[in-house]
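Below is one structure, written out as structure tokens; comments come after it.
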Amino acid sequence: MSSLSDSFGALARSAAIVFVGTVLGRILSLLGEVVIIRSLAPEAFGTVALAYTVVLTVTRIGILGVPDGVSRMLSDETIGSRERHFLTGGYVIVLGSGAVIATLLYLFGDALGTLMNEPQLSDLVVLFVPFVFLFPLAMVSIAVLRARKRPLGATLSQHVGARIGAIGVFVAFAYFGRPFVGAVAYWIVTPAFAALLALSLVSREYSIRSITTTLPSGDSIRDLWSFSWPLAIRTSLVTLMTNLDVLMIGFFLESTMVGFYRSVQPLRQVTLFVLQSFVFLFLPLATEYYTRTELDELRELYRVSSKWIALLTLPPVLVFSLFAPDVVRTILHPEYLPGAAALSVLTAGLFFNALVGPNGAMLKAVDRPRIEMFAAILGVVTNLALNVALIPVLGIVGAAVATVVGYFVFNVAEVVAIYRIVGTHPFSRNSLEPIVVTTLAGLAIALVTGGTRFSLPELIGIGMLLVAVQAVAVVLTRSFDEADQVLIEQAKRRIGLD
């Protein structure tokens, strides 16, 4: 139990660091996009956001699952002296892939603009070409920090420092009357700052000279690719599932609708804050348990992590889904209120991602990346079919429904696979009872206050009230167990609380 206790403590400490950094980073990201949104008309924002989504989609596909592969390999205690080969191999693969993507964007930009009925798109995707090199470089470097269990450095690099630098760049362009160009620069320099900061920290673990002069061995490239290629397909499919809604809206509807929908996309990330915080260290910890065949500890780690991810995610999700018009009006701008219904559908439906916990990381840890690939295929096929059927009828709300259902199918397939492999699932009475109580409280508040226009401080107050309701519900339903107590005690000791 001491090994599991230590792991829970490390997980709690890492999750707290990454959660705070992620929340701060998301706030900064939202602040950056709010400033952009307020500086551009919906049509102009929709055009530049569509170009960015296209480039982001192909770039995420182009990293070929390598960052997760690098993190997994460097977490394996048996690789010995092959560490640097896996590290340099990761950089070589993603930068080579970036060169291919940049060439394709340059050659087929005009065809893309014609397909989307947006002539300006061809010029914009060329402007975004630096992104296809900077983003993979940043992701591999952050994966190294993740494997080395450096959550603070990775969080500051990816979520805080990069966003602060990018906002500064946009503000400079906007000050000189070039907000449209500033929006392009904002999305390009974000991974540039992340890469610089992460590489400076990686250099403390591995000298830059050794990284640039070590040629990866053929065996290392082969092993890394053997683990990563199913993740590459999985990443491609999940990326499509994430961005297909924007791309399909761009295909079926006008740029203004893209602007409305894309403006609320950062807000739906509230469903992922806690999940991403736990996943950062969950993967290396779960990998260690699996390689040591400590399956009871692995099951307990997954169950308790899933429970607390769901409980901590629920209150903000209820605020964003039940009071979506007020959220859009107060955080973004009244001009973007047509996106409120889509936001409500997205945040409510995507809560299921939090409810099932770190299922993707669990499959990576037990060395079953191909299952993620097959689950993602099911999700993307569902998503694509529903986008085609619903967007022409329901507009951007149809796109939101398609995304939610696609993710639901994807997650259910992964949970079933985890149960068959490890013999555990993320659902328990201890997690579901407080969720039901808190959800009923949120619905009651929404019904009683129907028609009321809330300010931002009042929305925050509602969120805090729901947090209090959930805390009481956890106590009254006796939803604490021994593993929860271990997690909390370890967390208290690690942050110096008595």
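Every chain in the structure tokens has a letter given in the order shown (A, B, ...), and although residue numbers restart at 1 in each chain, ligands are simply numbered from 1 in the order shown.
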Item to check | Shell around segment 294-301 of chain A at 7 Å using only C-alpha atoms, local window under 4 positions removed, as JSON, numbers by chain | outcome: {"A": [4, 286, 289, 290, 305, 424]}
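For segment 464-466 of chain A, the list of residues within 7 Å, based on only C-alpha atoms and with local chain neighbours fewer than 2 positions off taken out, reads Pro315, Thr438, Gly442, Ile460, Gly461, Ile462, Ala468, Val469 and Gln470 of chain A.
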Enumerate, in order of chain and increasing residue number, the residues of segment 187-247 of chain A with an atom no farther than 12 Å from segment 123-144 of chain A, each with its shortest atom pair and distance in Å to one decimal, counting only C-alpha atoms, as JSON lines.
```
{"residue": "A:Trp187", "atom": "CA", "partner": "A:Phe131", "partner_atom": "CA", "distance": 7.9}
{"residue": "A:Ile188", "atom": "CA", "partner": "A:Phe131", "partner_atom": "CA", "distance": 5.3}
{"residue": "A:Val189", "atom": "CA", "partner": "A:Phe131", "partner_atom": "CA", "distance": 8.0}
{"residue": "A:Thr190", "atom": "CA", "partner": "A:Phe135", "partner_atom": "CA", "distance": 8.5}
{"residue": "A:Pro191", "atom": "CA", "partner": "A:Phe135", "partner_atom": "CA", "distance": 5.0}
{"residue": "A:Ala192", "atom": "CA", "partner": "A:Leu134", "partner_atom": "CA", "distance": 5.5}
{"residue": "A:Phe193", "atom": "CA", "partner": "A:Ala138", "partner_atom": "CA", "distance": 8.5}
{"residue": "A:Ala194", "atom": "CA", "partner": "A:Ala138", "partner_atom": "CA", "distance": 5.7}
{"residue": "A:Ala195", "atom": "CA", "partner": "A:Ala138", "partner_atom": "CA", "distance": 4.0}
{"residue": "A:Leu196", "atom": "CA", "partner": "A:Ala138", "partner_atom": "CA", "distance": 7.7}
{"residue": "A:Leu197", "atom": "CA", "partner": "A:Ala138", "partner_atom": "CA", "distance": 8.7}
{"residue": "A:Ala198", "atom": "CA", "partner": "A:Ser141", "partner_atom": "CA", "distance": 5.7}
{"residue": "A:Leu199", "atom": "CA", "partner": "A:Ser141", "partner_atom": "CA", "distance": 5.9}
{"residue": "A:Ser200", "atom": "CA", "partner": "A:Ser141", "partner_atom": "CA", "distance": 9.3}
{"residue": "A:Leu201", "atom": "CA", "partner": "A:Ser141", "partner_atom": "CA", "distance": 8.7}
{"residue": "A:Val202", "atom": "CA", "partner": "A:Ser141", "partner_atom": "CA", "distance": 6.7}
{"residue": "A:Ser203", "atom": "CA", "partner": "A:Ser141", "partner_atom": "CA", "distance": 9.8}
{"residue": "A:Arg204", "atom": "CA", "partner": "A:Val144", "partner_atom": "CA", "distance": 11.4}
{"residue": "A:Glu205", "atom": "CA", "partner": "A:Val144", "partner_atom": "CA", "distance": 9.1}
{"residue": "A:Tyr206", "atom": "CA", "partner": "A:Val144", "partner_atom": "CA", "distance": 10.0}
{"residue": "A:Ile208", "atom": "CA", "partner": "A:Ser141", "partner_atom": "CA", "distance": 11.8}
{"residue": "A:Ile211", "atom": "CA", "partner": "A:Ser141", "partner_atom": "CA", "distance": 11.4}
```
Keeping only N, CA and C atoms, write those residues as a PDB file, in the first residue's frame.
```
ATOM      1  N   TRP A 187      -1.309  32.784 -33.011  1.00  0.00           N
ATOM      2  CA  TRP A 187      -1.345  31.324 -33.056  1.00  0.00           C
ATOM      3  C   TRP A 187      -0.011  30.721 -33.487  1.00  0.00           C
ATOM      4  N   ILE A 188       0.812  31.476 -34.182  1.00  0.00           N
ATOM      5  CA  ILE A 188       2.124  30.965 -34.584  1.00  0.00           C
ATOM      6  C   ILE A 188       3.129  31.038 -33.440  1.00  0.00           C
ATOM      7  N   VAL A 189       3.158  32.161 -32.738  1.00  0.00           N
ATOM      8  CA  VAL A 189       4.190  32.331 -31.708  1.00  0.00           C
ATOM      9  C   VAL A 189       3.871  31.555 -30.431  1.00  0.00           C
ATOM     10  N   THR A 190       2.621  31.105 -30.260  1.00  0.00           N
ATOM     11  CA  THR A 190       2.306  30.311 -29.067  1.00  0.00           C
ATOM     12  C   THR A 190       3.183  29.059 -28.984  1.00  0.00           C
ATOM     13  N   PRO A 191       3.234  28.204 -30.021  1.00  0.00           N
ATOM     14  CA  PRO A 191       4.137  27.049 -29.928  1.00  0.00           C
ATOM     15  C   PRO A 191       5.607  27.442 -29.993  1.00  0.00           C
ATOM     16  N   ALA A 192       5.907  28.596 -30.574  1.00  0.00           N
ATOM     17  CA  ALA A 192       7.309  29.039 -30.624  1.00  0.00           C
ATOM     18  C   ALA A 192       7.828  29.306 -29.211  1.00  0.00           C
ATOM     19  N   PHE A 193       7.052  30.039 -28.417  1.00  0.00           N
ATOM     20  CA  PHE A 193       7.456  30.290 -27.029  1.00  0.00           C
ATOM     21  C   PHE A 193       7.470  28.989 -26.225  1.00  0.00           C
ATOM     22  N   ALA A 194       6.482  28.124 -26.448  1.00  0.00           N
ATOM     23  CA  ALA A 194       6.437  26.853 -25.724  1.00  0.00           C
ATOM     24  C   ALA A 194       7.667  26.007 -26.024  1.00  0.00           C
ATOM     25  N   ALA A 195       8.063  25.964 -27.292  1.00  0.00           N
ATOM     26  CA  ALA A 195       9.236  25.182 -27.682  1.00  0.00           C
ATOM     27  C   ALA A 195      10.504  25.726 -27.047  1.00  0.00           C
ATOM     28  N   LEU A 196      10.674  27.045 -27.070  1.00  0.00           N
ATOM     29  CA  LEU A 196      11.871  27.656 -26.485  1.00  0.00           C
ATOM     30  C   LEU A 196      11.964  27.380 -24.986  1.00  0.00           C
ATOM     31  N   LEU A 197      10.856  27.548 -24.280  1.00  0.00           N
ATOM     32  CA  LEU A 197      10.860  27.335 -22.840  1.00  0.00           C
ATOM     33  C   LEU A 197      11.088  25.864 -22.495  1.00  0.00           C
ATOM     34  N   ALA A 198      10.398  24.965 -23.213  1.00  0.00           N
ATOM     35  CA  ALA A 198      10.539  23.542 -22.917  1.00  0.00           C
ATOM     36  C   ALA A 198      11.937  23.037 -23.250  1.00  0.00           C
ATOM     37  N   LEU A 199      12.490  23.479 -24.376  1.00  0.00           N
ATOM     38  CA  LEU A 199      13.846  23.054 -24.746  1.00  0.00           C
ATOM     39  C   LEU A 199      14.883  23.523 -23.736  1.00  0.00           C
ATOM     40  N   SER A 200      14.670  24.713 -23.174  1.00  0.00           N
ATOM     41  CA  SER A 200      15.619  25.196 -22.170  1.00  0.00           C
ATOM     42  C   SER A 200      15.615  24.290 -20.940  1.00  0.00           C
ATOM     43  N   LEU A 201      14.451  23.704 -20.616  1.00  0.00           N
ATOM     44  CA  LEU A 201      14.363  22.784 -19.483  1.00  0.00           C
ATOM     45  C   LEU A 201      14.856  21.388 -19.851  1.00  0.00           C
ATOM     46  N   VAL A 202      14.576  20.958 -21.073  1.00  0.00           N
ATOM     47  CA  VAL A 202      15.089  19.663 -21.534  1.00  0.00           C
ATOM     48  C   VAL A 202      16.616  19.651 -21.517  1.00  0.00           C
ATOM     49  N   SER A 203      17.215  20.808 -21.816  1.00  0.00           N
ATOM     50  CA  SER A 203      18.679  20.892 -21.851  1.00  0.00           C
ATOM     51  C   SER A 203      19.312  20.641 -20.485  1.00  0.00           C
ATOM     52  N   ARG A 204      18.518  20.750 -19.411  1.00  0.00           N
ATOM     53  CA  ARG A 204      19.033  20.433 -18.088  1.00  0.00           C
ATOM     54  C   ARG A 204      19.089  18.928 -17.845  1.00  0.00           C
ATOM     55  N   GLU A 205      18.266  18.190 -18.606  1.00  0.00           N
ATOM     56  CA  GLU A 205      18.266  16.734 -18.510  1.00  0.00           C
ATOM     57  C   GLU A 205      19.221  16.108 -19.527  1.00  0.00           C
ATOM     58  N   TYR A 206      19.228  16.674 -20.719  1.00  0.00           N
ATOM     59  CA  TYR A 206      20.084  16.193 -21.806  1.00  0.00           C
ATOM     60  C   TYR A 206      20.714  17.418 -22.454  1.00  0.00           C
ATOM     61  N   ILE A 208      22.033  19.957 -25.107  1.00  0.00           N
ATOM     62  CA  ILE A 208      21.610  20.218 -26.481  1.00  0.00           C
ATOM     63  C   ILE A 208      22.594  19.617 -27.473  1.00  0.00           C
ATOM     64  N   ILE A 211      21.870  16.021 -27.934  1.00  0.00           N
ATOM     65  CA  ILE A 211      20.642  15.805 -28.701  1.00  0.00           C
ATOM     66  C   ILE A 211      20.887  16.015 -30.187  1.00  0.00           C
TER      67      ILE A 211
END
```
Item to check | Contacts of Val319 of chain A at 12 Å (only C-alpha atoms; same-chain gap of 2+ positions) as an MDAnalysis selection string | outcome: chainID A and resid 267:268 270:271 313:317 321:328 343:344 347:348 438:439 441:443 445:446 454 456 458:467
Next on the checklist: Set the distance at 12 Å and use only C-alpha atoms: which residues neighbour Val416 of chain A once local chain neighbours fewer than 6 positions away are removed? I'd like the list as a PyMOL selection string.
Outcome noted: chain A and resi 356+359+363+371-372+375+409-410+422-427
Write the residues of the selection above to a file with C-alpha atoms, as a PDB file, in the first residue's frame.
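Saved as selection.pdb:
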```pdb
ATOM      1  CA  VAL A 356     -14.699   8.074 -17.801  1.00  0.00           C
ATOM      2  CA  ASN A 359      -9.040   6.027 -20.288  1.00  0.00           C
ATOM      3  CA  LEU A 363      -4.679   2.078 -22.702  1.00  0.00           C
ATOM      4  CA  ILE A 371      -7.482  -0.196 -29.252  1.00  0.00           C
ATOM      5  CA  GLU A 372      -7.496   3.599 -29.121  1.00  0.00           C
ATOM      6  CA  ALA A 375     -12.238   3.303 -30.856  1.00  0.00           C
ATOM      7  CA  VAL A 409     -19.004   6.364 -28.921  1.00  0.00           C
ATOM      8  CA  PHE A 410     -15.217   6.738 -28.761  1.00  0.00           C
ATOM      9  CA  VAL A 422      -7.666  -4.932 -16.664  1.00  0.00           C
ATOM     10  CA  GLY A 423     -10.995  -5.817 -15.091  1.00  0.00           C
ATOM     11  CA  THR A 424     -11.991  -2.344 -13.911  1.00  0.00           C
ATOM     12  CA  HIS A 425     -14.164   0.584 -14.942  1.00  0.00           C
ATOM     13  CA  PRO A 426     -14.424   4.237 -13.870  1.00  0.00           C
ATOM     14  CA  PHE A 427     -17.990   4.161 -12.528  1.00  0.00           C
TER      15      PHE A 427
END
```
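Between Ser97 of chain A and the candidates A:Leu272, A:Leu30, A:Leu24, A:Ala232, the tightest atom-to-atom separation, counting only C-alpha atoms, involves A:Ala232.
Residues with any atom within 8 Å of Tyr302 of chain A, counting only C-alpha atoms and excluding same-chain neighbours fewer than 5 positions away, are Gly357, Pro358, Met362 and Pro426 of chain A.
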Given the selection you just returned, output its residues as a file containing N, CA and C atoms, formatted as a compact mmCIF listing (two decimals), in the first residue's frame.
```
# COMPACT_ATOMS: atom_id res chain seq x y z
N GLY A 357 -12.75 9.35 -17.05
CA GLY A 357 -11.39 9.46 -16.55
C GLY A 357 -10.31 9.33 -17.62
N PRO A 358 -9.09 9.02 -17.17
CA PRO A 358 -7.94 8.95 -18.11
C PRO A 358 -7.90 7.63 -18.87
N MET A 362 -4.72 5.21 -19.86
CA MET A 362 -4.74 3.84 -19.33
C MET A 362 -4.40 2.83 -20.43
N PRO A 426 -14.51 2.99 -14.64
CA PRO A 426 -14.42 4.24 -13.87
C PRO A 426 -15.67 4.58 -13.06
```
Checklist entry - Could you pull out all residues of segment 15-93 of chain A with a DSSP call of alpha helix (DSSP H) and give them as a ChimeraX atom specification? => result /A:15-39,42-62,66-75,83-93
Residues within 9 Å of Ala49 of chain A, please, as a compact mmCIF listing (two decimals) with N, CA and C atoms, in the first residue's frame. Count only C-alpha atoms; anything in the same chain fewer than 3 positions from it doesn't count.
```txt
# COMPACT_ATOMS: atom_id res chain seq x y z
N ALA A 44 -14.55 38.03 -40.18
CA ALA A 44 -13.09 38.03 -40.24
C ALA A 44 -12.51 37.01 -39.27
N PHE A 45 -13.08 36.94 -38.05
CA PHE A 45 -12.60 35.95 -37.09
C PHE A 45 -12.84 34.55 -37.61
N GLY A 46 -14.00 34.32 -38.22
CA GLY A 46 -14.29 33.00 -38.77
C GLY A 46 -13.30 32.59 -39.84
N TYR A 52 -6.59 28.58 -39.31
CA TYR A 52 -5.83 28.01 -38.20
C TYR A 52 -6.28 26.57 -37.91
N THR A 53 -7.58 26.32 -37.96
CA THR A 53 -8.09 24.98 -37.69
C THR A 53 -7.59 23.98 -38.71
N VAL A 54 -7.55 24.39 -39.98
CA VAL A 54 -7.03 23.51 -41.04
C VAL A 54 -5.58 23.15 -40.75
N ALA A 183 -3.72 38.20 -35.18
CA ALA A 183 -4.35 36.92 -34.86
C ALA A 183 -3.53 35.76 -35.43
N VAL A 184 -3.04 35.91 -36.66
CA VAL A 184 -2.18 34.89 -37.26
C VAL A 184 -0.91 34.73 -36.43
N VAL A 246 -15.72 22.35 -36.98
CA VAL A 246 -15.37 23.64 -37.58
C VAL A 246 -15.17 23.50 -39.09
N VAL A 258 -18.85 30.04 -38.80
CA VAL A 258 -17.59 29.52 -38.25
C VAL A 258 -17.14 30.39 -37.08
N GLY A 259 -17.27 31.72 -37.24
CA GLY A 259 -16.88 32.63 -36.17
C GLY A 259 -17.70 32.43 -34.91
N ARG A 262 -16.64 28.86 -33.53
CA ARG A 262 -15.25 28.82 -33.07
C ARG A 262 -15.03 29.70 -31.84
N SER A 263 -15.84 30.72 -31.67
CA SER A 263 -15.68 31.60 -30.51
C SER A 263 -15.98 30.88 -29.20
```
Checklist entry - To one decimal place, how far is atom CA of Phe320 of chain A from atom CA of Arg38 of chain A in Å? => result 20.3 Å
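Note that the spacing between atom CA of Tyr186 of chain A and atom CA of Gly168 of chain A amounts to 8.6 Å.
When only C-alpha atoms are used to measure the gap to Leu311 of chain A, the shortest distance among A:Leu432, A:Val66, A:Leu121, A:Val412 belongs to A:Leu432.
Taking atom CA of Ser29 of chain A and atom CA of Glu118 of chain A as endpoints, the distance between them is 26.3 Å.
Residues surrounding Met248 of chain A within 8 Å are Leu244, Asp245, Phe251, Phe252, Asn387, Val388, Ile391 and Ala399 of chain A [only C-alpha atoms; sequence separation below 3 positions excluded].
Shortest atom-to-atom contact with Thr239 of chain A among A:Ile377, A:Ala174, A:Val100, A:Val405: A:Ile377, counting only C-alpha atoms.
Minimum atom-to-atom distance to Ala342 of chain A, evaluated using only C-alpha atoms, belongs to A:Val401 out of A:Val401, A:Val475, A:Leu378, A:Val448.
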